[in-house]
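Chemist: Sharing a structure below in structure tokens format, with a few things to ask.
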Amino acid sequence: MKKLFPSYVRVPLIFAIVFGALEYFIDSGDRPAFIKFPMVALFLVVFLFLLVAIEIVVSAVDKVTYHMLTDEQRKQLEEAQTVSFTESKWVQNLMKSMTRSKSIEQEADVMLDHDYDGIKELDNVLPPWWVNLFYATVIFGVIYLVRFHVMDDYTQAQEYDQEVAAANIEIEKNKLNSPKEEITFDKVTLLTDAESLAKGKEIYANACAACHKADGGGVVGPNLTDDHWINGGGIKNVFKLIAEGSKNNPTMVGWAKTLGTKEVQNVASYVLSLQGTKPAGAKAAEGEKWVEEAAPSADAAAVVDSTKVAVK
């Protein structure tokens, strides 16, 4: 039997609609629903199988039904199938009910007496959809007038404030649900694991390499691979400089607000990992040589304590 869309269009279209609806209504975070939830993938596979099976069954039933028709019925069916969709009786009746336009044969019924150099004027009625839409706008306007200008409901400014307040509440909820780790000058430590250094290297390549060179040898900024530092070395000083920027050099801006303190720690740790790499064409050392103060060992502390006890 004749259908509006062939099966090779109908099946993918229905499947795409169902697939899109599942992805829209199922909260799967940053991953597609059919990947995060295996049951969704199973449902889609079964649904696609059923679509294909239904098309096969319907096609078989149509063929059997066609062979059971008489010659006259087959002729009538073929004539009906030759009529295009726009010329079908259902479409014609729909357009007639929506426009109420007169056919050419009925123009004499709506012809006006006006004659403009042989041009006649027809008195066709307005389309019902247009008239009903006009009535709907009038009703909406009356309700709006009574609600906002007679009963003094909320204003646009109040609505804006309510939306902003609701958005701020939602932002705070998200912050509470997923608090971001904050690293301070006192808490920062040197990271040596491969994952942290890889993240620091990626940020360095995007934000720092333009001034300090990709290998850390320095271009506009100083060489980061030697043991001389302008603002002090070590993880704390490097972290503070990247986070807050340099007071003496406005080119070196603070990155804490842009990147986040955790990311600054990654970059600072990666910068310190460049120490001693000696890249080709590196700039001359600037600043003073930095020597990291080593913390007293447990054995040394024990010796000091035992001395104090002995003195006492």
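If you're wondering about the labels, chains in the structure tokens are A, B, ... by order shown, residues count from 1 in each chain, ligands from 1 in order shown.
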Can you pull out every residue from stretch 90-225 of chain A that DSSP, working from the backbone, puts in strand (DSSP E or B), and format the result as a list in words?

Modeler: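 Checking each residue of stretch 90-225 of chain A, the strand (DSSP E or B) ones are Met111, Leu112, Asp113, His114, Asp115, Tyr116, Ile119, Lys120, Glu121 and Leu122 of chain A.
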
Chemist: Any chance you could export the current selection's all heavy atoms as a PDB file, in the first residue's frame?

Modeler:
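Written file, again.pdb:
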```pdb
ATOM      1  N   MET A 111     -17.747  37.962  -6.409  1.00  0.00           N
ATOM      2  CA  MET A 111     -17.289  39.067  -7.248  1.00  0.00           C
ATOM      3  C   MET A 111     -17.995  40.356  -6.841  1.00  0.00           C
ATOM      4  O   MET A 111     -19.219  40.401  -6.695  1.00  0.00           O
ATOM      5  CB  MET A 111     -17.572  38.770  -8.723  1.00  0.00           C
ATOM      6  CG  MET A 111     -16.991  39.801  -9.676  1.00  0.00           C
ATOM      7  SD  MET A 111     -15.240  39.546  -9.945  1.00  0.00           S
ATOM      8  CE  MET A 111     -15.258  37.992 -10.862  1.00  0.00           C
ATOM      9  N   LEU A 112     -17.227  41.438  -6.637  1.00  0.00           N
ATOM     10  CA  LEU A 112     -17.780  42.746  -6.304  1.00  0.00           C
ATOM     11  C   LEU A 112     -18.050  43.540  -7.581  1.00  0.00           C
ATOM     12  O   LEU A 112     -17.538  43.216  -8.655  1.00  0.00           O
ATOM     13  CB  LEU A 112     -16.801  43.506  -5.398  1.00  0.00           C
ATOM     14  CG  LEU A 112     -16.528  42.877  -4.021  1.00  0.00           C
ATOM     15  CD1 LEU A 112     -15.498  43.692  -3.265  1.00  0.00           C
ATOM     16  CD2 LEU A 112     -17.810  42.771  -3.217  1.00  0.00           C
ATOM     17  N   ASP A 113     -18.839  44.598  -7.436  1.00  0.00           N
ATOM     18  CA  ASP A 113     -19.209  45.414  -8.587  1.00  0.00           C
ATOM     19  C   ASP A 113     -18.093  46.367  -9.008  1.00  0.00           C
ATOM     20  O   ASP A 113     -18.185  46.999 -10.058  1.00  0.00           O
ATOM     21  CB  ASP A 113     -20.473  46.229  -8.270  1.00  0.00           C
ATOM     22  CG  ASP A 113     -21.669  45.319  -8.031  1.00  0.00           C
ATOM     23  OD1 ASP A 113     -21.650  44.189  -8.579  1.00  0.00           O
ATOM     24  OD2 ASP A 113     -22.586  45.714  -7.300  1.00  0.00           O
ATOM     25  N   HIS A 114     -17.059  46.480  -8.197  1.00  0.00           N
ATOM     26  CA  HIS A 114     -15.973  47.402  -8.533  1.00  0.00           C
ATOM     27  C   HIS A 114     -15.244  46.940  -9.783  1.00  0.00           C
ATOM     28  O   HIS A 114     -15.017  45.750  -9.987  1.00  0.00           O
ATOM     29  CB  HIS A 114     -14.980  47.488  -7.366  1.00  0.00           C
ATOM     30  CG  HIS A 114     -15.623  47.947  -6.091  1.00  0.00           C
ATOM     31  ND1 HIS A 114     -15.069  47.732  -4.862  1.00  0.00           N
ATOM     32  CD2 HIS A 114     -16.796  48.609  -5.851  1.00  0.00           C
ATOM     33  CE1 HIS A 114     -15.861  48.236  -3.917  1.00  0.00           C
ATOM     34  NE2 HIS A 114     -16.915  48.767  -4.503  1.00  0.00           N
ATOM     35  N   ASP A 115     -14.858  47.897 -10.597  1.00  0.00           N
ATOM     36  CA  ASP A 115     -14.124  47.584 -11.821  1.00  0.00           C
ATOM     37  C   ASP A 115     -13.010  48.611 -11.972  1.00  0.00           C
ATOM     38  O   ASP A 115     -13.269  49.801 -12.150  1.00  0.00           O
ATOM     39  CB  ASP A 115     -15.072  47.632 -13.032  1.00  0.00           C
ATOM     40  CG  ASP A 115     -14.410  47.074 -14.288  1.00  0.00           C
ATOM     41  OD1 ASP A 115     -13.173  47.189 -14.385  1.00  0.00           O
ATOM     42  OD2 ASP A 115     -15.115  46.532 -15.148  1.00  0.00           O
ATOM     43  N   TYR A 116     -11.775  48.164 -11.910  1.00  0.00           N
ATOM     44  CA  TYR A 116     -10.615  49.052 -12.033  1.00  0.00           C
ATOM     45  C   TYR A 116      -9.888  48.725 -13.337  1.00  0.00           C
ATOM     46  O   TYR A 116      -9.007  47.852 -13.378  1.00  0.00           O
ATOM     47  CB  TYR A 116      -9.660  48.882 -10.849  1.00  0.00           C
ATOM     48  CG  TYR A 116     -10.330  49.075  -9.507  1.00  0.00           C
ATOM     49  CD1 TYR A 116     -10.792  47.992  -8.775  1.00  0.00           C
ATOM     50  CD2 TYR A 116     -10.522  50.353  -8.985  1.00  0.00           C
ATOM     51  CE1 TYR A 116     -11.416  48.162  -7.551  1.00  0.00           C
ATOM     52  CE2 TYR A 116     -11.146  50.535  -7.766  1.00  0.00           C
ATOM     53  CZ  TYR A 116     -11.591  49.437  -7.051  1.00  0.00           C
ATOM     54  OH  TYR A 116     -12.211  49.612  -5.836  1.00  0.00           O
ATOM     55  N   ILE A 119     -10.025  45.216 -14.007  1.00  0.00           N
ATOM     56  CA  ILE A 119      -9.583  44.364 -12.899  1.00  0.00           C
ATOM     57  C   ILE A 119     -10.735  44.225 -11.915  1.00  0.00           C
ATOM     58  O   ILE A 119     -11.251  45.214 -11.393  1.00  0.00           O
ATOM     59  CB  ILE A 119      -8.343  44.948 -12.202  1.00  0.00           C
ATOM     60  CG1 ILE A 119      -7.192  45.076 -13.203  1.00  0.00           C
ATOM     61  CG2 ILE A 119      -7.925  44.072 -11.018  1.00  0.00           C
ATOM     62  CD1 ILE A 119      -5.973  45.766 -12.635  1.00  0.00           C
ATOM     63  N   LYS A 120     -11.151  43.009 -11.666  1.00  0.00           N
ATOM     64  CA  LYS A 120     -12.256  42.740 -10.755  1.00  0.00           C
ATOM     65  C   LYS A 120     -11.717  42.452  -9.346  1.00  0.00           C
ATOM     66  O   LYS A 120     -10.583  41.983  -9.182  1.00  0.00           O
ATOM     67  CB  LYS A 120     -13.076  41.553 -11.240  1.00  0.00           C
ATOM     68  CG  LYS A 120     -13.741  41.767 -12.609  1.00  0.00           C
ATOM     69  CD  LYS A 120     -14.859  42.793 -12.551  1.00  0.00           C
ATOM     70  CE  LYS A 120     -15.583  42.905 -13.874  1.00  0.00           C
ATOM     71  NZ  LYS A 120     -16.702  43.881 -13.821  1.00  0.00           N
ATOM     72  N   GLU A 121     -12.547  42.701  -8.346  1.00  0.00           N
ATOM     73  CA  GLU A 121     -12.179  42.470  -6.951  1.00  0.00           C
ATOM     74  C   GLU A 121     -13.063  41.379  -6.356  1.00  0.00           C
ATOM     75  O   GLU A 121     -14.280  41.393  -6.540  1.00  0.00           O
ATOM     76  CB  GLU A 121     -12.336  43.749  -6.138  1.00  0.00           C
ATOM     77  CG  GLU A 121     -11.923  43.588  -4.684  1.00  0.00           C
ATOM     78  CD  GLU A 121     -12.105  44.877  -3.892  1.00  0.00           C
ATOM     79  OE1 GLU A 121     -12.524  45.894  -4.497  1.00  0.00           O
ATOM     80  OE2 GLU A 121     -11.858  44.858  -2.675  1.00  0.00           O
ATOM     81  N   LEU A 122     -12.417  40.435  -5.660  1.00  0.00           N
ATOM     82  CA  LEU A 122     -13.143  39.350  -5.015  1.00  0.00           C
ATOM     83  C   LEU A 122     -13.281  39.632  -3.526  1.00  0.00           C
ATOM     84  O   LEU A 122     -12.373  40.166  -2.893  1.00  0.00           O
ATOM     85  CB  LEU A 122     -12.416  38.016  -5.223  1.00  0.00           C
ATOM     86  CG  LEU A 122     -12.199  37.568  -6.674  1.00  0.00           C
ATOM     87  CD1 LEU A 122     -11.440  36.246  -6.696  1.00  0.00           C
ATOM     88  CD2 LEU A 122     -13.521  37.446  -7.414  1.00  0.00           C
TER      89      LEU A 122
END
```

Chemist: For a quick check of understanding, using only C-alpha atoms, which of A:Thr82, A:Ser7, A:Asn237, A:Asn124 has the smallest distance to A:Val110?

Modeler: A:Asn124

Chemist: Which of these, A:Leu259, A:Val57, A:Ala108, A:Ala282, has the shortest distance to A:Val219 once you count only C-alpha atoms?

Modeler: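 When distances to A:Val219 are compared using only C-alpha atoms, the smallest one comes from A:Ala282.
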
Chemist: Between A:Val220, A:Leu241, A:Pro6, A:Asp152, which is the closest to A:Ser59 once you count only C-alpha atoms?

Modeler: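 The answer is A:Pro6, which sits nearest to A:Ser59.
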
Chemist: Among the residues of stretch 149-242 of chain A, find those DSSP assigns to alpha helix (DSSP H) from the backbone and print them as a PyMOL selection string.

Modeler: chain A and resi 156-177+194-207+209-212+234-242
